[in-house]
Every structure is written in C-alpha cells, then in structure tokens.
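**Q** Next comes the structure file upload_38.cif, holding mmCIF, C-alpha atoms.
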data_query
loop_
_atom_site.group_PDB
_atom_site.id
_atom_site.type_symbol
_atom_site.label_atom_id
_atom_site.label_comp_id
_atom_site.auth_asym_id
_atom_site.auth_seq_id
_atom_site.Cartn_x
_atom_site.Cartn_y
_atom_site.Cartn_z
ATOM 1 C CA MET F 1 21.704 1.350 78.582
ATOM 2 C CA GLN F 2 21.327 2.093 74.867
ATOM 3 C CA SER F 3 21.104 -1.616 74.098
ATOM 4 C CA LEU F 4 18.294 -2.003 76.667
ATOM 5 C CA VAL F 5 16.391 0.886 75.075
ATOM 6 C CA LYS F 6 16.857 -0.673 71.639
ATOM 7 C CA GLN F 7 15.366 -3.935 72.930
ATOM 8 C CA LEU F 8 12.523 -2.076 74.659
ATOM 9 C CA HIS F 9 11.618 -0.412 71.344
ATOM 10 C CA PHE F 10 11.519 -3.785 69.617
ATOM 11 C CA ILE F 11 9.426 -5.339 72.413
ATOM 12 C CA GLU F 12 7.033 -2.363 72.305
ATOM 13 C CA LYS F 13 6.611 -2.733 68.530
ATOM 14 C CA THR F 14 5.827 -6.450 68.762
ATOM 15 C CA ILE F 15 3.417 -6.016 71.686
ATOM 16 C CA VAL F 16 1.518 -3.356 69.722
ATOM 17 C CA GLN F 17 1.390 -5.775 66.782
ATOM 18 C CA LEU F 18 0.013 -8.486 69.072
ATOM 19 C CA PHE F 19 -2.589 -6.068 70.457
ATOM 20 C CA ASP F 20 -3.685 -5.568 66.840
ATOM 21 C CA GLU F 21 -4.333 -9.331 66.607
ATOM 22 C CA VAL F 22 -6.774 -9.354 69.541
ATOM 23 C CA ASN F 23 -10.367 -10.298 68.738
ATOM 24 C CA GLU F 24 -12.496 -8.253 71.131
ATOM 25 C CA GLN F 25 -15.454 -10.618 70.695
ATOM 26 C CA THR F 26 -13.705 -13.411 72.590
ATOM 27 C CA TRP F 27 -11.028 -11.631 74.601
ATOM 28 C CA LYS F 28 -12.835 -11.627 77.946
ATOM 29 C CA GLU F 29 -13.398 -15.385 77.943
ATOM 30 C CA PRO F 30 -11.385 -17.031 80.715
ATOM 31 C CA GLU F 31 -8.750 -19.395 79.347
ATOM 32 C CA ALA F 32 -8.440 -21.729 82.298
ATOM 33 C CA LYS F 33 -8.342 -21.613 86.049
ATOM 34 C CA ARG F 34 -5.655 -19.277 87.347
ATOM 35 C CA ILE F 35 -4.765 -18.032 83.848
ATOM 36 C CA ARG F 36 -5.610 -14.481 82.822
ATOM 37 C CA SER F 37 -7.976 -13.926 79.921
ATOM 38 C CA VAL F 38 -6.607 -12.087 76.882
ATOM 39 C CA PHE F 39 -8.406 -8.975 78.201
ATOM 40 C CA GLU F 40 -6.816 -9.274 81.652
ATOM 41 C CA LEU F 41 -3.366 -9.913 80.199
ATOM 42 C CA CYS F 42 -3.588 -6.968 77.780
ATOM 43 C CA HIS F 43 -4.794 -4.748 80.619
ATOM 44 C CA HIS F 44 -1.866 -5.821 82.790
ATOM 45 C CA MET F 45 0.605 -5.248 79.967
ATOM 46 C CA THR F 46 -0.834 -1.789 79.294
ATOM 47 C CA TYR F 47 0.138 -0.579 82.756
ATOM 48 C CA LEU F 48 3.289 -2.655 83.207
ATOM 49 C CA PRO F 49 5.847 0.035 82.179
ATOM 50 C CA LYS F 50 4.291 2.613 84.514
ATOM 51 C CA ALA F 51 3.645 0.181 87.379
ATOM 52 C CA ASP F 52 7.141 -1.277 87.252
ATOM 53 C CA LEU F 53 8.633 2.228 87.308
ATOM 54 C CA MET F 54 6.542 2.870 90.408
ATOM 55 C CA LEU F 55 7.969 -0.302 91.953
ATOM 56 C CA ALA F 56 11.472 0.900 91.052
ATOM 57 C CA SER F 57 10.640 4.032 93.054
ATOM 58 C CA SER F 58 9.728 1.917 96.108
ATOM 59 C CA ALA F 59 5.942 2.341 95.801
ATOM 60 C CA SER F 60 4.063 0.628 98.613
ATOM 61 C CA HIS F 61 1.621 -2.236 98.179
ATOM 62 C CA GLN F 62 -1.206 0.199 98.929
ATOM 63 C CA GLU F 63 0.033 2.672 96.313
ATOM 64 C CA MET F 64 0.157 -0.091 93.709
ATOM 65 C CA ASP F 65 -3.352 -1.299 94.579
ATOM 66 C CA ALA F 66 -4.661 2.269 94.305
ATOM 67 C CA PHE F 67 -2.898 2.719 90.953
ATOM 68 C CA TYR F 68 -4.537 -0.386 89.491
ATOM 69 C CA GLN F 69 -7.949 0.490 90.977
ATOM 70 C CA ARG F 70 -8.090 3.898 89.339
ATOM 71 C CA ASN F 71 -6.786 2.781 85.957
ATOM 72 C CA ARG F 72 -9.366 0.776 84.027
ATOM 73 C CA LEU F 73 -9.743 0.558 80.276
ATOM 74 C CA GLU F 74 -12.307 -1.390 78.264
ATOM 75 C CA THR F 75 -11.112 -1.606 74.653
ATOM 76 C CA ILE F 76 -7.957 -2.891 73.017
ATOM 77 C CA CYS F 77 -7.613 0.433 71.181
ATOM 78 C CA GLU F 78 -7.528 2.305 74.513
ATOM 79 C CA MET F 79 -5.068 -0.211 75.910
ATOM 80 C CA LYS F 80 -2.768 0.040 72.913
ATOM 81 C CA GLN F 81 -2.681 3.845 73.109
ATOM 82 C CA MET F 82 -2.086 3.784 76.877
ATOM 83 C CA PHE F 83 0.667 1.173 76.500
ATOM 84 C CA ILE F 84 2.440 3.367 73.926
ATOM 85 C CA TYR F 85 2.062 6.365 76.258
ATOM 86 C CA HIS F 86 3.539 4.435 79.194
ATOM 87 C CA MET F 87 6.439 3.259 77.033
ATOM 88 C CA LYS F 88 7.152 6.900 76.087
ATOM 89 C CA GLN F 89 7.218 7.730 79.800
ATOM 90 C CA LEU F 90 9.650 4.868 80.372
ATOM 91 C CA TYR F 91 11.973 6.094 77.582
ATOM 92 C CA ALA F 92 11.874 9.638 78.978
ATOM 93 C CA HIS F 93 12.682 8.314 82.448
ATOM 94 C CA ILE F 94 15.658 6.346 81.127
ATOM 95 C CA GLU F 95 16.910 9.293 79.086
ATOM 96 C CA CYS F 96 16.916 11.552 82.151
ATOM 97 C CA MET F 97 18.838 9.128 84.373
ATOM 98 C CA SER F 98 22.377 10.147 85.264
ATOM 99 C CA GLU F 99 25.124 7.558 85.651
ATOM 100 C CA CYS F 100 24.838 8.000 89.408
ATOM 101 C CA GLU F 101 21.049 7.515 89.301
ATOM 102 C CA LYS F 102 21.443 4.294 87.292
ATOM 103 C CA GLN F 103 23.423 2.839 90.193
ATOM 104 C CA ARG F 104 21.000 3.988 92.918
ATOM 105 C CA GLU F 105 19.313 1.072 94.655
ATOM 106 C CA SER F 106 15.662 0.868 95.636
ATOM 107 C CA THR F 107 13.624 -1.850 97.290
ATOM 108 C CA SER F 108 10.167 -3.081 96.304
ATOM 109 C CA TYR F 109 7.436 -3.583 98.882
ATOM 110 C CA TRP F 110 8.132 -7.343 98.841
ATOM 111 C CA GLY F 111 11.852 -6.842 99.504
ATOM 112 C CA ALA F 112 13.558 -7.110 96.091
ATOM 113 C CA THR F 113 16.466 -4.655 95.874
ATOM 114 C CA TYR F 114 17.923 -3.583 92.526
ATOM 115 C CA THR F 115 19.812 -0.661 91.049
ATOM 116 C CA GLN F 116 17.730 1.535 88.746
ATOM 117 C CA GLN F 117 19.550 0.008 85.785
ATOM 118 C CA GLU F 118 18.579 -3.456 87.013
ATOM 119 C CA TRP F 119 14.952 -2.312 87.392
ATOM 120 C CA ILE F 120 14.968 -1.351 83.701
ATOM 121 C CA LEU F 121 16.235 -4.835 82.876
ATOM 122 C CA GLU F 122 13.440 -6.276 85.061
ATOM 123 C CA ILE F 123 10.881 -4.227 83.101
ATOM 124 C CA LEU F 124 12.303 -5.570 79.835
ATOM 125 C CA MET F 125 12.114 -9.168 81.080
ATOM 126 C CA HIS F 126 8.597 -8.630 82.456
ATOM 127 C CA LEU F 127 7.433 -7.332 79.071
ATOM 128 C CA ILE F 128 9.060 -10.257 77.245
ATOM 129 C CA HIS F 129 7.418 -12.733 79.633
ATOM 130 C CA HIS F 130 3.926 -11.346 79.074
ATOM 131 C CA ARG F 131 4.481 -10.889 75.342
ATOM 132 C CA ALA F 132 5.106 -14.634 75.127
ATOM 133 C CA GLN F 133 1.979 -15.338 77.176
ATOM 134 C CA LEU F 134 -0.133 -13.127 74.915
ATOM 135 C CA TYR F 135 1.301 -14.754 71.806
ATOM 136 C CA GLN F 136 0.411 -18.218 73.137
ATOM 137 C CA LEU F 137 -3.119 -17.192 74.137
ATOM 138 C CA LEU F 138 -3.759 -15.630 70.742
ATOM 139 C CA MET F 139 -2.395 -18.692 68.945
ATOM 140 C CA GLN F 140 -4.926 -20.894 70.782
ATOM 141 C CA HIS F 141 -7.746 -19.049 69.005
ATOM 142 C CA ARG F 142 -6.311 -19.122 65.477
ATOM 143 C CA GLU F 143 -6.012 -21.610 62.686
ATOM 144 C CA LYS F 144 -3.082 -19.840 61.025
ATOM 145 C CA PRO F 145 0.092 -18.715 62.802
ATOM 146 C CA ILE F 146 0.580 -15.077 63.698
ATOM 147 C CA SER F 147 3.205 -13.619 61.392
ATOM 148 C CA ILE F 148 4.938 -11.415 63.941
ATOM 149 C CA CYS F 149 8.668 -11.888 64.451
ATOM 150 C CA LEU F 150 9.277 -11.966 68.203
ATOM 151 C CA PHE F 151 13.077 -12.036 67.949
ATOM 152 C CA GLN F 152 15.592 -10.117 65.850
#
What is this file in structure tokens?
**A**
Amino acid sequence: MQSLVKQLHFIEKTIVQLFDEVNEQTWKEPEAKRIRSVFELCHHMTYLPKADLMLASSASHQEMDAFYQRNRLETICEMKQMFIYHMKQLYAHIECMSECEKQRESTSYWGATYTQQEWILEILMHLIHHRAQLYQLLMQHREKPISICLFQ
C-alpha cells in the first residue's frame, strides 16, 4: 500500500501543477461534442478522490448525484484547494485501514466489486486517466509545451 500512496502523492503534485496552468479566461469553452471543457474536467477531478471513496463505501446512485449537486466551485483556485483537501482525506483513510479492512469487498451501484485495496488502485488509475485528459486539453491551447513531468 505504501507504493500506491507514493504514486498518489506524485499524481496529486502533477495535477496541482496542471491546475496552475489553467487559463480561466477560456476554461469554460466546450472543446468538442461529448468532451468536457477544462472547467468541467477540473471540477470532476477536484471531487474524484472523495467521490471514489464514497463509491468504495457502496454509495448509491442517488447519494452520488446528491453529492455532486451540493458541491459546486467556480474558480480554479477553489478547485485546487478542494482537490488537495480531498487528497488529504484519501491519505488519512488509507492510513487508518487495517490489513483486514484492505481485503474487505464492496460493490458499487453499477455492480463492480473490489476489495478496498483495489478501490484505492482504481482511484489512482482514475486520477491518472483524467490527468492525461487535462494535459491534452491544456496543450491544445498552448504554443509551447507544458514543462511538467508526468512520469518518474
């Protein structure tokens, strides 16, 4: 589990760096049909650690909808701070897990069943997936490459 936490810290650092690259003047512009805007993607990423932990605790579809409805932010600064806060909650959750708890299974509302350790891996992969999306969206609006190392 320590290696997962190490990777989560690195992913958190690079996502925060990418948030710092966001231009709020253009971030709400839709990119294309069925693709989130930079704003929508950043908003999703902000709540991803918390929302995925809720899924790991078998939150219902209704609970997830309510969570997203009551959590709205408008600036990248707010999103960055909330993302960091949710990552701290994730680290605290992982730190408190016993070996027995890591092996406990739970099922999402759509039927995916994982151990708690596997849910943490899912959170890591989910963050990596959206980090890559954000990187690509930001690169579309720049002339020079972003100098953030995404891999160690």
**Q** Hey, which of F:Ile11, F:Met1, F:Cys100, F:Ile123 ends up closest to Ala51 in chain F? Count all atoms listed in the file.
**A** F:Ile123
**Q** Output the residue selection produced by the PyMOL selection byres ((chain F and resi 136-147) around 12) on the file above, formatted as an mmCIF file with C-alpha atoms, keeping the file's coordinate frame.
**A**
data_model
loop_
_atom_site.group_PDB
_atom_site.id
_atom_site.type_symbol
_atom_site.label_atom_id
_atom_site.label_comp_id
_atom_site.auth_asym_id
_atom_site.auth_seq_id
_atom_site.Cartn_x
_atom_site.Cartn_y
_atom_site.Cartn_z
ATOM 1 C CA THR F 14 5.827 -6.450 68.762
ATOM 2 C CA GLN F 17 1.390 -5.775 66.782
ATOM 3 C CA LEU F 18 0.013 -8.486 69.072
ATOM 4 C CA PHE F 19 -2.589 -6.068 70.457
ATOM 5 C CA ASP F 20 -3.685 -5.568 66.840
ATOM 6 C CA GLU F 21 -4.333 -9.331 66.607
ATOM 7 C CA VAL F 22 -6.774 -9.354 69.541
ATOM 8 C CA ASN F 23 -10.367 -10.298 68.738
ATOM 9 C CA GLU F 24 -12.496 -8.253 71.131
ATOM 10 C CA GLN F 25 -15.454 -10.618 70.695
ATOM 11 C CA THR F 26 -13.705 -13.411 72.590
ATOM 12 C CA TRP F 27 -11.028 -11.631 74.601
ATOM 13 C CA LYS F 28 -12.835 -11.627 77.946
ATOM 14 C CA GLU F 29 -13.398 -15.385 77.943
ATOM 15 C CA PRO F 30 -11.385 -17.031 80.715
ATOM 16 C CA GLU F 31 -8.750 -19.395 79.347
ATOM 17 C CA ALA F 32 -8.440 -21.729 82.298
ATOM 18 C CA ILE F 35 -4.765 -18.032 83.848
ATOM 19 C CA ARG F 36 -5.610 -14.481 82.822
ATOM 20 C CA SER F 37 -7.976 -13.926 79.921
ATOM 21 C CA VAL F 38 -6.607 -12.087 76.882
ATOM 22 C CA PHE F 39 -8.406 -8.975 78.201
ATOM 23 C CA GLU F 40 -6.816 -9.274 81.652
ATOM 24 C CA LEU F 41 -3.366 -9.913 80.199
ATOM 25 C CA CYS F 42 -3.588 -6.968 77.780
ATOM 26 C CA HIS F 129 7.418 -12.733 79.633
ATOM 27 C CA HIS F 130 3.926 -11.346 79.074
ATOM 28 C CA ARG F 131 4.481 -10.889 75.342
ATOM 29 C CA ALA F 132 5.106 -14.634 75.127
ATOM 30 C CA GLN F 133 1.979 -15.338 77.176
ATOM 31 C CA LEU F 134 -0.133 -13.127 74.915
ATOM 32 C CA TYR F 135 1.301 -14.754 71.806
ATOM 33 C CA ILE F 148 4.938 -11.415 63.941
ATOM 34 C CA CYS F 149 8.668 -11.888 64.451
ATOM 35 C CA LEU F 150 9.277 -11.966 68.203
ATOM 36 C CA PHE F 151 13.077 -12.036 67.949
#
**Q** List the residues selected by the PyMOL selection byres ((chain F and resi 119) around 12) in the file shown, writing them as a PyMOL selection string.
**A** chain F and resi 1+4+49+51-58+90+93-94+101-108+112-118+120-126
**Q** Using C-alpha atoms, can you write the selected residues to a file as a PDB file, in the coordinates of the input?
**A**
ATOM      1  CA  MET F   1      21.704   1.350  78.582  1.00  0.00           C
ATOM      2  CA  LEU F   4      18.294  -2.003  76.667  1.00  0.00           C
ATOM      3  CA  PRO F  49       5.847   0.035  82.179  1.00  0.00           C
ATOM      4  CA  ALA F  51       3.645   0.181  87.379  1.00  0.00           C
ATOM      5  CA  ASP F  52       7.141  -1.277  87.252  1.00  0.00           C
ATOM      6  CA  LEU F  53       8.633   2.228  87.308  1.00  0.00           C
ATOM      7  CA  MET F  54       6.542   2.870  90.408  1.00  0.00           C
ATOM      8  CA  LEU F  55       7.969  -0.302  91.953  1.00  0.00           C
ATOM      9  CA  ALA F  56      11.472   0.900  91.052  1.00  0.00           C
ATOM     10  CA  SER F  57      10.640   4.032  93.054  1.00  0.00           C
ATOM     11  CA  SER F  58       9.728   1.917  96.108  1.00  0.00           C
ATOM     12  CA  LEU F  90       9.650   4.868  80.372  1.00  0.00           C
ATOM     13  CA  HIS F  93      12.682   8.314  82.448  1.00  0.00           C
ATOM     14  CA  ILE F  94      15.658   6.346  81.127  1.00  0.00           C
ATOM     15  CA  GLU F 101      21.049   7.515  89.301  1.00  0.00           C
ATOM     16  CA  LYS F 102      21.443   4.294  87.292  1.00  0.00           C
ATOM     17  CA  GLN F 103      23.423   2.839  90.193  1.00  0.00           C
ATOM     18  CA  ARG F 104      21.000   3.988  92.918  1.00  0.00           C
ATOM     19  CA  GLU F 105      19.313   1.072  94.655  1.00  0.00           C
ATOM     20  CA  SER F 106      15.662   0.868  95.636  1.00  0.00           C
ATOM     21  CA  THR F 107      13.624  -1.850  97.290  1.00  0.00           C
ATOM     22  CA  SER F 108      10.167  -3.081  96.304  1.00  0.00           C
ATOM     23  CA  ALA F 112      13.558  -7.110  96.091  1.00  0.00           C
ATOM     24  CA  THR F 113      16.466  -4.655  95.874  1.00  0.00           C
ATOM     25  CA  TYR F 114      17.923  -3.583  92.526  1.00  0.00           C
ATOM     26  CA  THR F 115      19.812  -0.661  91.049  1.00  0.00           C
ATOM     27  CA  GLN F 116      17.730   1.535  88.746  1.00  0.00           C
ATOM     28  CA  GLN F 117      19.550   0.008  85.785  1.00  0.00           C
ATOM     29  CA  GLU F 118      18.579  -3.456  87.013  1.00  0.00           C
ATOM     30  CA  ILE F 120      14.968  -1.351  83.701  1.00  0.00           C
ATOM     31  CA  LEU F 121      16.235  -4.835  82.876  1.00  0.00           C
ATOM     32  CA  GLU F 122      13.440  -6.276  85.061  1.00  0.00           C
ATOM     33  CA  ILE F 123      10.881  -4.227  83.101  1.00  0.00           C
ATOM     34  CA  LEU F 124      12.303  -5.570  79.835  1.00  0.00           C
ATOM     35  CA  MET F 125      12.114  -9.168  81.080  1.00  0.00           C
ATOM     36  CA  HIS F 126       8.597  -8.630  82.456  1.00  0.00           C
TER      37      HIS F 126
END
**Q** Rounded to one decimal place, report the CA of Asn71 in chain F-CA of Tyr47 in chain F distance in Å.
**A**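 Atom-to-atom, CA of Asn71 in chain F and CA of Tyr47 in chain F are spaced 8.3 Å apart.
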**Q** What is the CA of Ile84 in chain F to CA of Thr46 in chain F distance in Å?
**A**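 Rounded to one decimal, the two atoms are 8.1 Å apart.
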**Q** Which is closest to Ile15 in chain F among F:His86, F:Arg70, F:Lys80, F:His61, if we use only C-alpha atoms?
**A**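 Using only C-alpha atoms, Ile15 in chain F sits closest to F:Lys80.
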**Q** Nearest to Lys13 in chain F: which of F:Gln69, F:Tyr91, F:Phe83, F:Glu78 is it, counting only C-alpha atoms?
**A** F:Phe83
**Q** Would you compute the box with edges along x, y and z of the file around range 10-16 of chain F, including every atom the file lists for it and 8 Å extra on each side, and give its centre and edge lengths in Å to one decimal, as AutoDock Vina command-line options?
**A**
--center_x 6.5 --center_y -4.4 --center_z 70.5 --size_x 26.0 --size_y 20.1 --size_z 19.9
**Q** In Å, how far is it from CA of Val5 in chain F to CA of Tyr109 in chain F?
**A** 25.8 Å
**Q** Of the residues F:Met45, F:Ala92, F:Leu73, F:Met64, which is the one nearest to Ile128 in chain F, using all atoms listed in the file?
**A**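 Closest candidate: F:Met45.
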**Q** Choose the residue, out of F:Ala59, F:Lys88, F:Glu95, F:Met79, that has the smallest atom-to-atom separation from Gln2 in chain F; count only C-alpha atoms.
**A**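 Checking each of F:Ala59, F:Lys88, F:Glu95, F:Met79 against Gln2 in chain F, counting only C-alpha atoms, the winner is F:Glu95.
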